[in-house]
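The file start_18.cif comes next; it holds mmCIF, C-alpha atoms.
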```cif
data_upload
loop_
_atom_site.group_PDB
_atom_site.id
_atom_site.type_symbol
_atom_site.label_atom_id
_atom_site.label_comp_id
_atom_site.auth_asym_id
_atom_site.auth_seq_id
_atom_site.Cartn_x
_atom_site.Cartn_y
_atom_site.Cartn_z
ATOM 1 C CA MET A 15 -12.898 13.056 -6.362
ATOM 2 C CA SER A 16 -12.712 10.452 -9.095
ATOM 3 C CA GLY A 17 -12.227 6.793 -8.276
ATOM 4 C CA PRO A 18 -8.682 5.426 -7.948
ATOM 5 C CA SER A 19 -7.819 2.170 -9.657
ATOM 6 C CA ALA A 20 -7.505 -1.184 -7.909
ATOM 7 C CA ARG A 21 -6.741 -4.253 -10.009
ATOM 8 C CA LEU A 22 -7.076 -7.890 -9.040
ATOM 9 C CA GLY A 23 -5.899 -11.125 -10.592
ATOM 10 C CA ARG A 24 -7.496 -14.462 -9.772
ATOM 11 C CA ARG A 25 -6.845 -18.062 -10.786
ATOM 12 C CA ALA A 26 -7.808 -21.401 -9.255
ATOM 13 C CA GLY A 27 -6.168 -21.655 -5.841
ATOM 14 C CA ALA A 28 -5.159 -17.996 -5.918
ATOM 15 C CA VAL A 29 -6.420 -15.092 -3.840
ATOM 16 C CA ALA A 30 -5.885 -11.406 -4.599
ATOM 17 C CA VAL A 31 -7.109 -8.321 -2.747
ATOM 18 C CA ALA A 32 -6.531 -4.675 -3.662
ATOM 19 C CA VAL A 33 -8.006 -1.734 -1.777
ATOM 20 C CA VAL A 34 -7.369 1.995 -2.192
ATOM 21 C CA LEU A 35 -8.259 4.424 0.573
ATOM 22 C CA ALA A 36 -7.997 8.090 -0.385
ATOM 23 C CA VAL A 37 -8.544 10.784 2.206
ATOM 24 C CA GLY A 38 -8.363 14.560 2.085
ATOM 25 C CA TRP A 39 -8.448 17.338 -0.447
ATOM 26 C CA GLY A 40 -7.485 17.322 -4.107
ATOM 27 C CA SER A 41 -8.078 14.928 -6.964
ATOM 28 C CA VAL A 42 -7.308 11.217 -7.192
ATOM 29 C CA ALA A 43 -7.122 9.796 -10.696
ATOM 30 C CA PRO A 44 -5.526 6.893 -12.603
ATOM 31 C CA ALA A 45 -1.726 7.100 -12.519
ATOM 32 C CA GLU A 46 0.071 8.910 -15.327
ATOM 33 C CA ALA A 47 3.392 10.755 -15.588
ATOM 34 C CA HIS A 48 3.866 13.025 -12.566
ATOM 35 C CA ASP A 49 6.600 15.019 -10.842
ATOM 36 C CA ARG A 50 6.986 12.511 -8.020
ATOM 37 C CA THR A 51 6.269 8.792 -8.226
ATOM 38 C CA VAL A 52 6.129 6.724 -5.047
ATOM 39 C CA THR A 53 6.386 3.013 -5.837
ATOM 40 C CA THR A 54 6.069 0.020 -3.533
ATOM 41 C CA ASP A 55 6.512 -3.392 -5.181
ATOM 42 C CA VAL A 56 6.355 -6.735 -3.378
ATOM 43 C CA THR A 57 6.849 -9.642 -5.787
ATOM 44 C CA VAL A 58 7.121 -13.328 -4.887
ATOM 45 C CA THR A 59 7.640 -16.127 -7.423
ATOM 46 C CA VAL A 60 7.898 -19.821 -6.521
ATOM 47 C CA ARG A 61 9.118 -22.386 -9.071
ATOM 48 C CA GLN A 62 10.421 -25.151 -6.818
ATOM 49 C CA ASP A 63 8.151 -27.999 -5.721
ATOM 50 C CA GLY A 64 7.259 -27.921 -2.035
ATOM 51 C CA GLN A 65 8.711 -24.456 -1.528
ATOM 52 C CA THR A 66 7.064 -21.626 0.414
ATOM 53 C CA ARG A 67 8.115 -18.010 -0.097
ATOM 54 C CA ALA A 68 6.638 -14.863 1.413
ATOM 55 C CA ARG A 69 7.383 -11.147 1.487
ATOM 56 C CA SER A 70 5.662 -8.132 2.987
ATOM 57 C CA ALA A 71 6.179 -4.372 3.176
ATOM 58 C CA LEU A 72 4.685 -1.325 4.809
ATOM 59 C CA ARG A 73 6.053 1.866 3.298
ATOM 60 C CA VAL A 74 5.322 5.393 4.518
ATOM 61 C CA ALA A 75 6.260 8.098 2.009
ATOM 62 C CA PRO A 76 5.777 11.832 2.609
ATOM 63 C CA THR A 77 6.094 14.131 -0.384
ATOM 64 C CA PHE A 78 5.805 17.845 -1.119
ATOM 65 C CA ALA A 79 5.713 17.506 -4.908
ATOM 66 C CA PRO A 80 3.078 19.542 -6.800
ATOM 67 C CA GLN A 81 2.019 16.368 -8.642
ATOM 68 C CA VAL A 82 2.136 12.902 -7.128
ATOM 69 C CA SER A 83 1.728 9.378 -8.500
ATOM 70 C CA ALA A 84 1.356 6.578 -5.934
ATOM 71 C CA VAL A 85 1.863 3.032 -7.240
ATOM 72 C CA ASN A 86 1.453 -0.028 -5.017
ATOM 73 C CA ARG A 87 1.921 -3.622 -6.190
ATOM 74 C CA ALA A 88 1.607 -7.085 -4.642
ATOM 75 C CA ASN A 89 2.387 -9.945 -7.029
ATOM 76 C CA ALA A 90 2.383 -13.629 -6.055
ATOM 77 C CA SER A 91 3.080 -16.337 -8.625
ATOM 78 C CA ALA A 92 3.304 -20.125 -8.189
ATOM 79 C CA ARG A 93 4.567 -22.482 -10.911
ATOM 80 C CA CYS A 94 5.271 -25.744 -9.115
ATOM 81 C CA ASP A 95 3.746 -28.632 -7.140
ATOM 82 C CA ALA A 96 2.590 -28.256 -3.507
ATOM 83 C CA CYS A 97 4.047 -24.772 -3.144
ATOM 84 C CA ARG A 98 2.916 -21.409 -1.793
ATOM 85 C CA ALA A 99 3.644 -17.761 -2.648
ATOM 86 C CA VAL A 100 2.469 -14.859 -0.455
ATOM 87 C CA ALA A 101 2.945 -11.145 -1.229
ATOM 88 C CA VAL A 102 1.539 -8.386 0.996
ATOM 89 C CA SER A 103 2.113 -4.696 0.291
ATOM 90 C CA PHE A 104 0.864 -1.744 2.358
ATOM 91 C CA GLN A 105 1.607 1.780 1.145
ATOM 92 C CA VAL A 106 0.962 5.083 2.922
ATOM 93 C CA VAL A 107 1.508 8.289 0.953
ATOM 94 C CA LEU A 108 1.314 11.683 2.675
ATOM 95 C CA ALA A 109 0.818 14.199 -0.136
ATOM 96 C CA ASN A 110 1.559 17.527 1.528
ATOM 97 C CA ARG A 111 0.934 21.182 0.683
ATOM 98 C CA GLY A 112 -2.021 20.628 -1.594
ATOM 99 C CA PRO A 113 -0.608 18.997 -4.732
ATOM 100 C CA GLY A 114 -2.571 19.908 -7.853
ATOM 101 C CA ASP A 115 -2.972 16.288 -8.926
ATOM 102 C CA VAL A 116 -2.649 12.993 -7.066
ATOM 103 C CA ALA A 117 -2.852 9.644 -8.873
ATOM 104 C CA ALA A 118 -3.406 6.385 -6.969
ATOM 105 C CA ASP A 119 -2.758 3.018 -8.644
ATOM 106 C CA ASN A 120 -3.068 -0.108 -6.503
ATOM 107 C CA ALA A 121 -2.937 -3.729 -7.706
ATOM 108 C CA ALA A 122 -2.799 -7.221 -6.215
ATOM 109 C CA VAL A 123 -2.201 -10.098 -8.626
ATOM 110 C CA ALA A 124 -2.136 -13.762 -7.555
ATOM 111 C CA LEU A 125 -1.400 -16.336 -10.234
ATOM 112 C CA ASN A 126 -1.032 -20.123 -10.347
ATOM 113 C CA GLU A 127 0.329 -21.526 -13.609
ATOM 114 C CA GLY A 128 0.721 -25.189 -14.500
ATOM 115 C CA CYS A 129 0.875 -26.352 -10.904
ATOM 116 C CA ALA A 130 -0.967 -28.726 -8.579
ATOM 117 C CA ARG A 131 -1.835 -28.194 -4.911
ATOM 118 C CA CYS A 132 -0.255 -24.757 -4.999
ATOM 119 C CA GLU A 133 -1.462 -21.447 -3.616
ATOM 120 C CA ALA A 134 -0.761 -17.810 -4.393
ATOM 121 C CA VAL A 135 -1.920 -14.995 -2.121
ATOM 122 C CA ALA A 136 -1.487 -11.299 -3.007
ATOM 123 C CA ILE A 137 -2.806 -8.437 -0.871
ATOM 124 C CA ALA A 138 -2.329 -4.711 -1.513
ATOM 125 C CA TYR A 139 -3.630 -1.848 0.619
ATOM 126 C CA GLN A 140 -2.930 1.746 -0.319
ATOM 127 C CA PHE A 141 -3.617 4.841 1.805
ATOM 128 C CA VAL A 142 -3.272 8.277 0.196
ATOM 129 C CA VAL A 143 -3.696 11.303 2.449
ATOM 130 C CA VAL A 144 -3.787 14.691 0.709
ATOM 131 C CA SER A 145 -3.348 17.774 2.878
ATOM 132 C CA PRO A 146 -3.046 21.491 2.106
ATOM 133 C CA HIS A 147 -0.515 21.684 4.954
ATOM 134 C CA ARG A 148 2.550 19.734 6.069
ATOM 135 C CA SER A 149 1.551 16.493 7.788
ATOM 136 C CA HIS A 150 3.572 14.123 9.935
ATOM 137 C CA LEU A 151 3.012 11.153 12.206
ATOM 138 C CA THR A 152 3.423 11.381 15.960
ATOM 139 C CA PRO A 153 6.059 9.169 17.655
ATOM 140 C CA ALA A 154 3.192 6.967 18.871
ATOM 141 C CA GLY A 155 1.971 6.690 15.276
ATOM 142 C CA HIS A 156 5.415 5.569 14.090
ATOM 143 C CA GLN A 157 5.534 2.963 16.866
ATOM 144 C CA ARG A 158 2.112 1.610 15.967
ATOM 145 C CA LEU A 159 3.055 1.332 12.284
ATOM 146 C CA ALA A 160 6.285 -0.434 13.266
ATOM 147 C CA ARG A 161 4.164 -3.020 15.079
ATOM 148 C CA VAL A 162 1.907 -3.385 12.029
ATOM 149 C CA ARG A 163 5.006 -3.876 9.855
ATOM 150 C CA LEU A 164 6.194 -6.669 12.181
ATOM 151 C CA GLU A 165 2.754 -8.290 12.227
ATOM 152 C CA LEU A 166 2.593 -8.205 8.421
ATOM 153 C CA SER A 167 5.919 -10.001 8.240
ATOM 154 C CA ARG A 168 4.730 -12.658 10.677
ATOM 155 C CA LEU A 169 1.393 -13.008 8.900
ATOM 156 C CA SER A 170 2.885 -13.468 5.445
ATOM 157 C CA ARG A 171 5.134 -16.256 6.753
ATOM 158 C CA SER A 172 2.561 -17.857 9.070
ATOM 159 C CA GLY A 173 1.329 -20.566 6.721
ATOM 160 C CA ALA A 174 -2.237 -19.695 7.689
ATOM 161 C CA PRO A 175 -5.046 -20.434 5.206
ATOM 162 C CA ALA A 176 -5.560 -17.729 2.585
ATOM 163 C CA ALA A 177 -8.902 -16.687 4.081
ATOM 164 C CA ASP A 178 -7.250 -16.129 7.469
ATOM 165 C CA VAL A 179 -4.395 -14.183 5.899
ATOM 166 C CA ASN A 180 -6.934 -11.932 4.168
ATOM 167 C CA ALA A 181 -8.940 -11.401 7.363
ATOM 168 C CA GLN A 182 -5.876 -10.562 9.446
ATOM 169 C CA ALA A 183 -4.506 -8.267 6.746
ATOM 170 C CA GLU A 184 -7.836 -6.450 6.722
ATOM 171 C CA ALA A 185 -7.602 -5.988 10.492
ATOM 172 C CA LEU A 186 -4.057 -4.615 10.136
ATOM 173 C CA ALA A 187 -5.256 -2.255 7.403
ATOM 174 C CA ALA A 188 -7.919 -1.009 9.810
ATOM 175 C CA GLU A 189 -5.156 -0.348 12.333
ATOM 176 C CA VAL A 190 -3.250 1.704 9.754
ATOM 177 C CA ALA A 191 -6.394 3.676 8.976
ATOM 178 C CA ASP A 192 -6.866 4.360 12.694
ATOM 179 C CA VAL A 193 -3.260 5.545 13.000
ATOM 180 C CA LEU A 194 -3.814 7.984 10.141
ATOM 181 C CA THR A 195 -6.997 9.209 11.811
ATOM 182 C CA THR A 196 -5.618 9.648 15.333
ATOM 183 C CA GLU A 197 -1.825 10.073 15.024
ATOM 184 C CA LEU A 198 -1.428 12.360 12.028
ATOM 185 C CA ARG A 199 -0.661 16.018 12.734
ATOM 186 C CA THR A 200 -0.609 18.959 10.345
ATOM 187 C CA VAL A 201 1.327 22.213 10.458
ATOM 188 C CA PRO A 202 -0.433 25.063 8.630
ATOM 189 C CA ARG A 203 1.450 26.574 5.743
ATOM 190 C CA ILE A 204 2.138 30.264 6.301
ATOM 191 C CA ASP A 205 2.735 32.451 3.275
ATOM 192 C CA ARG A 206 4.596 35.558 4.357
ATOM 193 C CA GLU A 207 4.283 38.730 2.369
ATOM 194 C CA ILE A 208 7.487 40.726 2.344
ATOM 195 C CA ARG A 209 7.140 44.470 1.954
ATOM 196 C CA ARG A 210 9.954 46.909 1.446
ATOM 197 C CA ASP A 211 9.660 50.680 1.420
ATOM 198 C CA HIS A 212 12.004 52.446 -0.984
#
```

Take the structure in the file and give it back as structure tokens.
Amino acid sequence: MSGPSARLGRRAGAVAVAVVLAVGWGSVAPAEAHDRTVTTDVTVTVRQDGQTRARSALRVAPTFAPQVSAVNRANASARCDACRAVAVSFQVVLANRGPGDVAADNAAVALNEGCARCEAVAIAYQFVVVSPHRSHLTPAGHQRLARVRLELSRLSRSGAPAADVNAQAEALAAEVADVLTTELRTVPRIDREIRRDH
């Protein structure tokens, strides 16, 4: 399994985190053109002095495509005075039935440009689970992820220091990983051979 890509951008007063977690069978490589592309993009730009803007997402995407490209982006940009931009993106891709190629591309970019006393926070976590069978989350798993989604929304808008936002996002990412470990079920693929006598 080759290493997936995770890109960060950092400037003074800016924090960016990008983590890729790949689990299962198959190959994980840098993203290229594939049959199915799953994209999650959370972008926040602040240009007004004193303004605070925040967005978050947790997307779960199952796919049965023979080739899969998973792209996750969190972009936070501040161009103002005493302002704050927060972008948090979590992506879960369930690549089912043993795709021949799976590409994971995850990036968090936080950028401050020409501003004073401003802060940009970008956090991206990507989970790619490759299975030779059909996988699905239990109802309890869906409920737990719904709670994580709500907590991400609250966290991004909390106004907490960047270090605290990072720490809490890491804890929520650990919760997602636990859900995928304990609440993911697979159904074996059965290939039936049909025989006819003439």

On this structure, the PyMOL selection byres ((chain A and resi 93) around 6) would catch which residues? List them as a PyMOL selection string, sorted by chain and number. chain A and resi 61+92+94+127-129

Run the PyMOL selection byres ((chain A and resi 67) around 12) on the file and write out the hits as a VMD selection string. chain A and resid 56 to 66 68 to 70 90 to 92 97 to 102 132 to 135 167 170 to 173

Target residues per the PyMOL selection byres ((chain A and resi 77-85) around 6), formatted as a list of chain:residue names: A:Ala45, A:His48, A:Asp49, A:Arg50, A:Thr51, A:Val52, A:Thr53, A:Pro76, A:Asn86, A:Ala109, A:Asn110, A:Pro113, A:Gly114, A:Asp115, A:Val116, A:Ala117, A:Ala118, A:Asp119, A:Asn120

Work out how far apart atom CA of A:Glu165 and atom CA of A:Arg131 are and give it in Å to one decimal.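 One can read the atom CA of A:Glu165 to atom CA of A:Arg131 distance as 26.7 Å.
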
Which residue out of A:Ala183, A:Ala121, A:Leu198, A:Val107 has the minimum interatomic distance to A:Val162 when all atoms listed in the file are used?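 Of the candidates, the smallest distance to A:Val162 is held by A:Ala183.
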
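The coordinates place atom CA of A:Arg199 at 5.4 Å from atom CA of A:His150.
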
Kindly indicate which residue among A:Asp178, A:Glu197, A:Glu184, A:Glu189 lies nearest to A:His156, using all atoms listed in the file for the distances.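 Of A:Asp178, A:Glu197, A:Glu184, A:Glu189, the one nearest A:His156 is A:Glu197, counting all atoms listed in the file.
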
Name the residues within 8 Å of (-2.5, 11.9, 16.1), counting all atoms listed in the file in the file's coordinates, and put them as number ranges by chain. A: 151-152, 155, 193-199

In the coordinates of the file, take the point (2.2, -0.6, 9.3) and a cut-off of 8 Å; then, counting only C-alpha atoms, name each qualifying protein, DNA or RNA residue as number ranges by chain. A: 72-73, 104, 158-164, 166, 186-187, 189-190

Could those selected residues go to a file with C-alpha atoms, as a PDB file, in the frame of the given file?
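The resulting out.pdb:
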```pdb
ATOM      1  CA  LEU A  72       4.685  -1.325   4.809  1.00  0.00           C
ATOM      2  CA  ARG A  73       6.053   1.866   3.298  1.00  0.00           C
ATOM      3  CA  PHE A 104       0.864  -1.744   2.358  1.00  0.00           C
ATOM      4  CA  ARG A 158       2.112   1.610  15.967  1.00  0.00           C
ATOM      5  CA  LEU A 159       3.055   1.332  12.284  1.00  0.00           C
ATOM      6  CA  ALA A 160       6.285  -0.434  13.266  1.00  0.00           C
ATOM      7  CA  ARG A 161       4.164  -3.020  15.079  1.00  0.00           C
ATOM      8  CA  VAL A 162       1.907  -3.385  12.029  1.00  0.00           C
ATOM      9  CA  ARG A 163       5.006  -3.876   9.855  1.00  0.00           C
ATOM     10  CA  LEU A 164       6.194  -6.669  12.181  1.00  0.00           C
ATOM     11  CA  LEU A 166       2.593  -8.205   8.421  1.00  0.00           C
ATOM     12  CA  LEU A 186      -4.057  -4.615  10.136  1.00  0.00           C
ATOM     13  CA  ALA A 187      -5.256  -2.255   7.403  1.00  0.00           C
ATOM     14  CA  GLU A 189      -5.156  -0.348  12.333  1.00  0.00           C
ATOM     15  CA  VAL A 190      -3.250   1.704   9.754  1.00  0.00           C
TER      16      VAL A 190
END
```

Residue with the minimum atom-to-atom distance to A:Val179, picked from A:Ala88, A:Ile137, A:Asp55, A:Asp192 with all atoms listed in the file counted, is A:Ile137

Expressed in Å, the length from atom CA of A:Ser149 to atom CA of A:Ala71 is 21.9 Å
